[in-house]
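Trainee: Pasting a structure here, questions to come.
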Amino acid sequence: MSMIEFKNVEKYYGNFHALKNVNLTIDEGETVVLIGPSGSGKSTLIRTVNGLEEIEEGQLLVNGFDLHDPKTDMNRIRKNVGMVFQHFNLYDNKTTLENVMLAPRLVLKRDEAENKKLAMELLEKVGLADKAANMPSELSGGQKQRAAIARSLAMQPKALLFDEPTSALDPEMVGDVLDVMRDIAKDSSMTMLVVTHEMSFAKAVADRVIFMAEGEILEDSTTKEFFEKPKEVRAQKFLSQVEHH
Amino acid sequence: MALLQNNFPTFLQGFGYTLLSSIIALIGSMILGTGFAIMQIVPQKWAQVIGNVYVQVFRNIPLLIITFFFFLVVSKYVKMSGFTSGTVALMLYTSAFIAETVRAGILAVDGGQMEGARANGLSFGQAMQYIILPQAFRIALPSLGNQFINLVKNSSILAFVGGLDLMYQGNMVAANTFDTFSTYIIVAIFYLILTLPLSYYIQHLERKLKRAL
Ligand SMILES: Nc1ncnc2c1ncn2[C@@H]1O[C@H](COP(=O)(O)OP(=O)(O)O)[C@@H](O)[C@H]1O
Ligand SMILES: [Mg+2]
């Protein structure tokens, strides 16, 4: 079954054509990595999936609901689709534990004792159990990102979106975050769409790789095909650039 | 001192009305001010316009004129005392300044906070209530503190409409005793009894909240 489906999607920022005739289907449980040069529309594409950006034309089906239909309740989509940002966006006025517990309490009305138990389990899983009582300002970048991942997981979403989750981190922190993501990808029912420049992660974890440039999807291949021989010349060039630094 | 002793119940009554008016106006203006601040930042154009017009109107008219408007005009249609007219006027006037302060606070909160909250499943209202406003109030606290202190002092307009407040009672005592100087010294001290603790409390809150983040 498809979890995310773009059909002839067009997106504009004023006169600027940010997404050009995007067609893309991601099945339930798939892990897809989205790559492309800076400014190619990766963030824009991923942000349309949970309605942080609206589309102007076409159809975008997420979990069976059409996001372009004004009757679709966006909050219901977001319950099922989590997002992890480059700059974490943790709640600065809440402890790590409260960051994880807040949305399940308010949105899912999860029982308080159960909520806390689940939150602590998740913090344990991402290696932050000892930081539960700390404020985000007291965490390192890598810890913040793992807390943000735990916060998303607490909603028990069907799909997770990652927008360059390791790009703002010091190199020595990247590994821990990727390990957590690798762990999530093992869950066969979780759909993941990941924007990243970490090619080793893509090779190891992705089922498919999408290559974008200037608002268009230029290539959509299995991971093996893509890394053995990208079909697109621009994808080849891009790959040799990111792999050589 | 004799002046204070002889007129103590009068001063105390004035103090009580000033305190009551200030508390009502403070709570009311915080609620109204926050509401109109939010109206100015939601995507709906009509709400922005209403919020903006409200703020501009009440911010740019002297408080005394708003007070007379309620005391002389509105009271013809809705029965209200001088105390009520003055307190309502004070509340509306102050709420315009609080709206501006809170709006600036909201805009100073990093945009990622709202995005993180929405992506996490919170509604706009929940994100405002639990994430954005607490941070906005913290940012706005020093300037909110100024508004609160101004509010207490501005409550002296009640005296113009027979509002029974500290200033009003002071005027009475001064007129009866002819000891204008001592009377207004005492009135000033009573105002300080309200404003100084408020000042210190806000400073204390600022320090506490700074540590919490
Ligand atoms: N809010 C916005 N308003 C106007 N232009 C935008 C906005 N967000 C992104 N863009 C433009 O859209 C293009 C794609 O941006 P983005 O999706 O962030 O690319 P990427 O994530 O691949 O670097 C860029 O040219 C960028 O300048
Ligand atoms: Mg981007």
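Quick note on naming: the chains in the structure tokens go A, B, ... in the order shown, residues restart at 1 in each chain, and ligands are numbered from 1 in order of appearance.
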Please identify every residue of chain B that has at least one atom no more than 8 Å from any atom of chain A, counting only C-alpha atoms, and report them as a PDB file with N, CA and C atoms, in the first residue's frame.

Mentor:
ATOM      1  N   GLY B 112      10.998  28.088  14.462  1.00  0.00           N
ATOM      2  CA  GLY B 112      11.092  26.630  14.538  1.00  0.00           C
ATOM      3  C   GLY B 112      10.250  26.037  15.653  1.00  0.00           C
ATOM      4  N   GLN B 113       9.945  26.847  16.672  1.00  0.00           N
ATOM      5  CA  GLN B 113       9.143  26.341  17.792  1.00  0.00           C
ATOM      6  C   GLN B 113       7.727  26.004  17.318  1.00  0.00           C
ATOM      7  N   GLU B 115       6.799  25.457  14.158  1.00  0.00           N
ATOM      8  CA  GLU B 115       6.874  24.355  13.193  1.00  0.00           C
ATOM      9  C   GLU B 115       7.038  23.020  13.885  1.00  0.00           C
ATOM     10  N   GLY B 116       7.913  22.997  14.880  1.00  0.00           N
ATOM     11  CA  GLY B 116       8.127  21.760  15.621  1.00  0.00           C
ATOM     12  C   GLY B 116       6.832  21.290  16.266  1.00  0.00           C
ATOM     13  N   ALA B 117       6.099  22.228  16.835  1.00  0.00           N
ATOM     14  CA  ALA B 117       4.854  21.883  17.521  1.00  0.00           C
ATOM     15  C   ALA B 117       3.794  21.393  16.536  1.00  0.00           C
ATOM     16  N   ARG B 118       3.642  22.108  15.411  1.00  0.00           N
ATOM     17  CA  ARG B 118       2.635  21.695  14.415  1.00  0.00           C
ATOM     18  C   ARG B 118       2.992  20.340  13.839  1.00  0.00           C
ATOM     19  N   ALA B 119       4.272  20.141  13.520  1.00  0.00           N
ATOM     20  CA  ALA B 119       4.698  18.861  12.947  1.00  0.00           C
ATOM     21  C   ALA B 119       4.494  17.731  13.959  1.00  0.00           C
ATOM     22  N   ASN B 120       4.544  18.075  15.219  1.00  0.00           N
ATOM     23  CA  ASN B 120       4.385  17.102  16.295  1.00  0.00           C
ATOM     24  C   ASN B 120       2.896  16.778  16.544  1.00  0.00           C
ATOM     25  N   GLY B 121       2.016  17.476  15.851  1.00  0.00           N
ATOM     26  CA  GLY B 121       0.587  17.153  15.951  1.00  0.00           C
ATOM     27  C   GLY B 121      -0.232  18.156  16.747  1.00  0.00           C
ATOM     28  N   LEU B 122       0.426  19.151  17.360  1.00  0.00           N
ATOM     29  CA  LEU B 122      -0.324  20.139  18.139  1.00  0.00           C
ATOM     30  C   LEU B 122      -1.100  21.074  17.212  1.00  0.00           C
ATOM     31  N   SER B 123      -2.274  21.508  17.652  1.00  0.00           N
ATOM     32  CA  SER B 123      -3.023  22.506  16.892  1.00  0.00           C
ATOM     33  C   SER B 123      -2.359  23.873  17.098  1.00  0.00           C
ATOM     34  N   GLN B 126      -2.983  24.956  20.678  1.00  0.00           N
ATOM     35  CA  GLN B 126      -2.161  24.236  21.657  1.00  0.00           C
ATOM     36  C   GLN B 126      -0.712  24.700  21.583  1.00  0.00           C
ATOM     37  N   ILE B 131       3.629  26.325  24.083  1.00  0.00           N
ATOM     38  CA  ILE B 131       5.007  26.520  23.613  1.00  0.00           C
ATOM     39  C   ILE B 131       5.327  27.990  23.341  1.00  0.00           C
ATOM     40  N   PRO B 134       4.290  30.901  26.524  1.00  0.00           N
ATOM     41  CA  PRO B 134       5.194  30.917  27.687  1.00  0.00           C
ATOM     42  C   PRO B 134       6.558  31.531  27.359  1.00  0.00           C
ATOM     43  N   GLN B 135       7.061  31.234  26.159  1.00  0.00           N
ATOM     44  CA  GLN B 135       8.345  31.821  25.780  1.00  0.00           C
ATOM     45  C   GLN B 135       8.204  33.306  25.460  1.00  0.00           C
ATOM     46  N   LEU B 213      15.870  28.436  31.905  1.00  0.00           N
ATOM     47  CA  LEU B 213      16.088  28.132  30.487  1.00  0.00           C
ATOM     48  C   LEU B 213      17.540  27.837  30.150  1.00  0.00           C
TER      49      LEU B 213
END

Trainee: Step by step, measure atom-to-atom distances between ligand 1 and each residue using only C-alpha atoms and all ligand atoms, keep those at most 8 Å, then write them as a PyMOL selection string.

Mentor: chain A and resi 13-14+16-18+35-45+163+212-215

Trainee: Go through B:Gln129, B:Gln169, B:Thr10, B:Asn154 one by one, measure the shortest atom-to-atom distance of each to B:Pro62 using only C-alpha atoms, and give the residue with the smallest value.

Mentor: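 Ranked by minimum distance to B:Pro62, first place goes to B:Asn154.
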
Trainee: Could you jot down the atom CA of B:Phe15 to atom CA of B:Pro197 separation for me, Å, one decimal place?

Mentor: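 These two atoms are separated by 14.9 Å.
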
Trainee: Can you tell me how far atom CA of A:Glu54 sits from atom CA of A:Pro70, in Å to one decimal?

Mentor: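 Interatomic distance here is 10.6 Å.
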
Trainee: List every residue of stretch 93-205 of chain A that DSSP, applied to the backbone of this structure, assigns to strand (DSSP E or B), and report them as a list in words.

Mentor: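 Of stretch 93-205 of chain A, only Ala159, Leu160, Leu161, Phe162, Asp163, Thr191, Met192, Leu193, Val194 and Val195 of chain A fall in strand (DSSP E or B).
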
Trainee: Write to file, as a PDB file, in the first residue's frame, the residues of the selection just made, with N, CA, C and O atoms.

Mentor:
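Output saved as part_4.pdb:
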ATOM      1  N   ALA A 159       4.698   7.274   9.491  1.00  0.00           N
ATOM      2  CA  ALA A 159       5.798   7.729   8.637  1.00  0.00           C
ATOM      3  C   ALA A 159       6.613   8.796   9.364  1.00  0.00           C
ATOM      4  O   ALA A 159       6.087   9.544  10.184  1.00  0.00           O
ATOM      5  N   LEU A 160       7.897   8.835   9.050  1.00  0.00           N
ATOM      6  CA  LEU A 160       8.779   9.856   9.628  1.00  0.00           C
ATOM      7  C   LEU A 160       9.517  10.572   8.503  1.00  0.00           C
ATOM      8  O   LEU A 160      10.027   9.932   7.579  1.00  0.00           O
ATOM      9  N   LEU A 161       9.551  11.891   8.605  1.00  0.00           N
ATOM     10  CA  LEU A 161      10.275  12.704   7.635  1.00  0.00           C
ATOM     11  C   LEU A 161      11.517  13.262   8.322  1.00  0.00           C
ATOM     12  O   LEU A 161      11.435  13.751   9.450  1.00  0.00           O
ATOM     13  N   PHE A 162      12.644  13.182   7.654  1.00  0.00           N
ATOM     14  CA  PHE A 162      13.887  13.732   8.211  1.00  0.00           C
ATOM     15  C   PHE A 162      14.438  14.736   7.210  1.00  0.00           C
ATOM     16  O   PHE A 162      14.719  14.374   6.067  1.00  0.00           O
ATOM     17  N   ASP A 163      14.621  15.985   7.634  1.00  0.00           N
ATOM     18  CA  ASP A 163      15.190  16.999   6.746  1.00  0.00           C
ATOM     19  C   ASP A 163      16.603  17.344   7.201  1.00  0.00           C
ATOM     20  O   ASP A 163      16.800  18.150   8.101  1.00  0.00           O
ATOM     21  N   THR A 191       7.519   3.961   7.580  1.00  0.00           N
ATOM     22  CA  THR A 191       7.889   4.587   6.319  1.00  0.00           C
ATOM     23  C   THR A 191       8.806   5.759   6.621  1.00  0.00           C
ATOM     24  O   THR A 191       8.507   6.564   7.503  1.00  0.00           O
ATOM     25  N   MET A 192       9.935   5.835   5.937  1.00  0.00           N
ATOM     26  CA  MET A 192      10.876   6.930   6.197  1.00  0.00           C
ATOM     27  C   MET A 192      11.254   7.636   4.905  1.00  0.00           C
ATOM     28  O   MET A 192      11.588   6.994   3.916  1.00  0.00           O
ATOM     29  N   LEU A 193      11.197   8.975   4.969  1.00  0.00           N
ATOM     30  CA  LEU A 193      11.690   9.787   3.851  1.00  0.00           C
ATOM     31  C   LEU A 193      12.766  10.690   4.433  1.00  0.00           C
ATOM     32  O   LEU A 193      12.507  11.487   5.336  1.00  0.00           O
ATOM     33  N   VAL A 194      13.988  10.521   3.944  1.00  0.00           N
ATOM     34  CA  VAL A 194      15.142  11.156   4.568  1.00  0.00           C
ATOM     35  C   VAL A 194      15.904  12.012   3.562  1.00  0.00           C
ATOM     36  O   VAL A 194      16.356  11.505   2.534  1.00  0.00           O
ATOM     37  N   VAL A 195      16.026  13.296   3.873  1.00  0.00           N
ATOM     38  CA  VAL A 195      16.930  14.148   3.101  1.00  0.00           C
ATOM     39  C   VAL A 195      18.270  14.137   3.821  1.00  0.00           C
ATOM     40  O   VAL A 195      18.334  14.438   5.018  1.00  0.00           O
TER      41      VAL A 195
END

Trainee: Can you tell me which residues surround A:Leu24 at a distance of at most 8 Å, considering only C-alpha atoms, apart from same-chain residues fewer than 5 positions away, and format the answer as a PyMOL selection string?

Mentor: chain A and resi 4-7

Trainee: Find the spatial neighbours of B:Val109, counting only C-alpha atoms, within a cut-off of 7 Å - ignore same-chain residues fewer than 4 positions away - and output them as a list in words.

Mentor: Gly105, Ile132, Gln135 and Ala136 of chain B

Trainee: Would you compute the distance between atom CA of A:Phe238 and atom CA of A:Ile210? Give it in Å to one decimal.

Mentor: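 Interatomic distance here is 12.4 Å.
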
Trainee: Report as a ChimeraX atom specification all protein, DNA and RNA residues lying within 8 Å of stretch 156-164 of chain B, evaluated on only C-alpha atoms, omitting residues in the same chain fewer than 5 positions from it.

Mentor: /B:13-14,17-18,63-64,67-68,71,81-87,169

Trainee: Keeping only all heavy atoms, take the residues you just selected and write them out as a compact mmCIF listing (two decimals), in the first residue's frame.

Mentor:
# COMPACT_ATOMS: atom_id res chain seq x y z
N GLN B 13 -9.39 53.03 52.50
CA GLN B 13 -10.44 52.76 51.52
C GLN B 13 -9.94 53.06 50.10
O GLN B 13 -10.13 52.29 49.18
CB GLN B 13 -11.68 53.62 51.83
CG GLN B 13 -12.90 53.13 51.07
CD GLN B 13 -14.01 54.17 51.03
OE1 GLN B 13 -13.76 55.38 51.10
NE2 GLN B 13 -15.23 53.71 50.92
N GLY B 14 -9.27 54.21 49.98
CA GLY B 14 -8.70 54.58 48.68
C GLY B 14 -7.71 53.54 48.20
O GLY B 14 -7.73 53.13 47.03
N TYR B 17 -9.57 50.50 46.89
CA TYR B 17 -10.16 50.67 45.56
C TYR B 17 -9.09 50.70 44.47
O TYR B 17 -9.26 50.16 43.39
CB TYR B 17 -11.03 51.93 45.51
CG TYR B 17 -12.43 51.69 46.03
CD1 TYR B 17 -12.85 52.19 47.27
CD2 TYR B 17 -13.33 50.93 45.28
CE1 TYR B 17 -14.13 51.95 47.74
CE2 TYR B 17 -14.61 50.69 45.75
CZ TYR B 17 -15.01 51.21 46.99
OH TYR B 17 -16.27 50.97 47.43
N THR B 18 -7.97 51.35 44.78
CA THR B 18 -6.87 51.38 43.80
C THR B 18 -6.37 49.96 43.55
O THR B 18 -6.15 49.56 42.40
CB THR B 18 -5.72 52.28 44.31
OG1 THR B 18 -6.19 53.63 44.29
CG2 THR B 18 -4.49 52.16 43.43
N LEU B 63 -5.81 58.35 28.04
CA LEU B 63 -6.59 57.52 28.95
C LEU B 63 -7.77 58.29 29.54
O LEU B 63 -8.87 57.76 29.70
CB LEU B 63 -5.66 57.01 30.07
CG LEU B 63 -6.31 56.27 31.23
CD1 LEU B 63 -7.10 55.07 30.73
CD2 LEU B 63 -5.24 55.82 32.21
N LEU B 64 -7.53 59.57 29.83
CA LEU B 64 -8.58 60.37 30.46
C LEU B 64 -9.81 60.49 29.55
O LEU B 64 -10.96 60.45 30.00
CB LEU B 64 -8.02 61.77 30.78
CG LEU B 64 -8.87 62.62 31.73
CD1 LEU B 64 -9.18 61.87 33.01
CD2 LEU B 64 -8.13 63.93 32.05
N THR B 67 -11.70 57.32 29.60
CA THR B 67 -12.43 57.25 30.86
C THR B 67 -13.70 58.09 30.82
O THR B 67 -14.79 57.63 31.17
CB THR B 67 -11.53 57.75 32.01
OG1 THR B 67 -10.32 57.02 31.99
CG2 THR B 67 -12.20 57.56 33.36
N PHE B 68 -13.58 59.33 30.32
CA PHE B 68 -14.76 60.19 30.22
C PHE B 68 -15.78 59.61 29.26
O PHE B 68 -16.98 59.73 29.47
CB PHE B 68 -14.36 61.60 29.76
CG PHE B 68 -13.81 62.44 30.89
CD1 PHE B 68 -12.81 63.39 30.65
CD2 PHE B 68 -14.30 62.28 32.19
CE1 PHE B 68 -12.31 64.16 31.70
CE2 PHE B 68 -13.80 63.05 33.23
CZ PHE B 68 -12.81 63.98 32.99
N PHE B 71 -17.61 57.14 31.24
CA PHE B 71 -18.32 57.75 32.37
C PHE B 71 -19.49 58.62 31.89
O PHE B 71 -20.57 58.62 32.49
CB PHE B 71 -17.34 58.60 33.19
CG PHE B 71 -17.94 59.13 34.47
CD1 PHE B 71 -18.41 58.25 35.45
CD2 PHE B 71 -18.03 60.51 34.70
CE1 PHE B 71 -18.94 58.73 36.63
CE2 PHE B 71 -18.58 60.99 35.88
CZ PHE B 71 -19.03 60.10 36.85
N SER B 81 -20.75 52.87 37.51
CA SER B 81 -20.23 53.87 38.43
C SER B 81 -18.94 54.48 37.89
O SER B 81 -18.40 54.01 36.87
CB SER B 81 -19.92 53.19 39.77
OG SER B 81 -18.91 52.24 39.58
N GLY B 82 -18.44 55.48 38.56
CA GLY B 82 -17.16 56.05 38.20
C GLY B 82 -16.05 55.03 38.31
O GLY B 82 -15.17 54.95 37.44
N PHE B 83 -16.12 54.23 39.36
CA PHE B 83 -15.11 53.18 39.56
C PHE B 83 -15.09 52.23 38.36
O PHE B 83 -14.03 51.93 37.80
CB PHE B 83 -15.41 52.41 40.85
CG PHE B 83 -14.47 51.26 41.10
CD1 PHE B 83 -13.22 51.49 41.65
CD2 PHE B 83 -14.83 49.97 40.75
CE1 PHE B 83 -12.34 50.44 41.88
CE2 PHE B 83 -13.96 48.92 40.97
CZ PHE B 83 -12.72 49.16 41.53
N THR B 84 -16.28 51.78 37.95
CA THR B 84 -16.35 50.84 36.83
C THR B 84 -15.88 51.49 35.53
O THR B 84 -15.07 50.91 34.80
CB THR B 84 -17.80 50.33 36.64
OG1 THR B 84 -18.26 49.85 37.90
CG2 THR B 84 -17.87 49.23 35.61
N SER B 85 -16.35 52.72 35.25
CA SER B 85 -15.92 53.42 34.03
C SER B 85 -14.41 53.51 33.97
O SER B 85 -13.79 53.20 32.94
CB SER B 85 -16.47 54.84 33.99
OG SER B 85 -17.82 54.87 34.30
N GLY B 86 -13.83 53.97 35.07
CA GLY B 86 -12.38 54.17 35.11
C GLY B 86 -11.63 52.86 34.95
O GLY B 86 -10.63 52.79 34.22
N THR B 87 -12.13 51.81 35.62
CA THR B 87 -11.43 50.53 35.56
C THR B 87 -11.51 49.93 34.16
O THR B 87 -10.52 49.40 33.65
CB THR B 87 -12.03 49.56 36.60
OG1 THR B 87 -11.93 50.17 37.89
CG2 THR B 87 -11.28 48.24 36.61
N GLN B 169 -9.37 59.96 47.24
CA GLN B 169 -9.42 60.16 48.69
C GLN B 169 -8.38 61.19 49.12
O GLN B 169 -8.64 62.01 50.00
CB GLN B 169 -9.17 58.84 49.45
CG GLN B 169 -10.03 57.66 48.98
CD GLN B 169 -11.50 57.79 49.34
OE1 GLN B 169 -11.94 58.83 49.83
NE2 GLN B 169 -12.27 56.74 49.07

Trainee: Within 12 Å of B:Phe36, counting only C-alpha atoms, which residues qualify if same-chain residues fewer than 6 places away don't, as a list in words?

Mentor: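 Non-adjacent residues within range: Ser29, Met30, Val42, Ala47, Gln48, Val49, Ile50, Gly51, Asn52, Val53, Tyr54, Val55, Gln56, Phe58, Leu92, Ser95, Ala96, Phe97, Ile98, Ala99, Glu100, Thr101, Val102 and Arg103 of chain B.
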
Trainee: Take the residues just selected and output them with C-alpha atoms as a compact mmCIF listing (two decimals), in the first residue's frame.

Mentor:
# COMPACT_ATOMS: atom_id res chain seq x y z
CA SER B 29 -5.77 43.72 30.06
CA MET B 30 -3.52 40.65 30.04
CA VAL B 42 -2.84 34.69 12.68
CA ALA B 47 -8.44 39.21 12.34
CA GLN B 48 -5.20 41.10 11.73
CA VAL B 49 -7.16 44.19 10.75
CA ILE B 50 -9.39 44.05 13.82
CA GLY B 51 -6.42 43.49 16.11
CA ASN B 52 -4.49 46.33 14.56
CA VAL B 53 -7.36 48.82 14.63
CA TYR B 54 -8.10 48.00 18.27
CA VAL B 55 -4.50 48.55 19.31
CA GLN B 56 -4.11 51.78 17.34
CA PHE B 58 -6.76 52.58 22.39
CA LEU B 92 -8.79 48.71 27.50
CA SER B 95 -4.48 46.10 26.89
CA ALA B 96 -3.44 47.94 23.73
CA PHE B 97 0.10 48.34 25.09
CA ILE B 98 0.17 44.77 26.37
CA ALA B 99 -0.98 43.55 22.94
CA GLU B 100 2.01 45.27 21.36
CA THR B 101 4.39 43.90 23.98
CA VAL B 102 3.09 40.34 23.70
CA ARG B 103 3.05 40.50 19.90

Trainee: Which residue, A:Leu123, A:Leu34, A:Leu61, A:Leu118, has the smallest gap to ligand 2 when you use only C-alpha atoms and all ligand atoms?

Mentor: A:Leu34

Trainee: So which one's closest to B:Pro9, B:Met80, B:Ile189, B:Val88, B:Val173? Using only C-alpha atoms, please.

Mentor: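 Smallest separation from B:Pro9 among the options: B:Val173.
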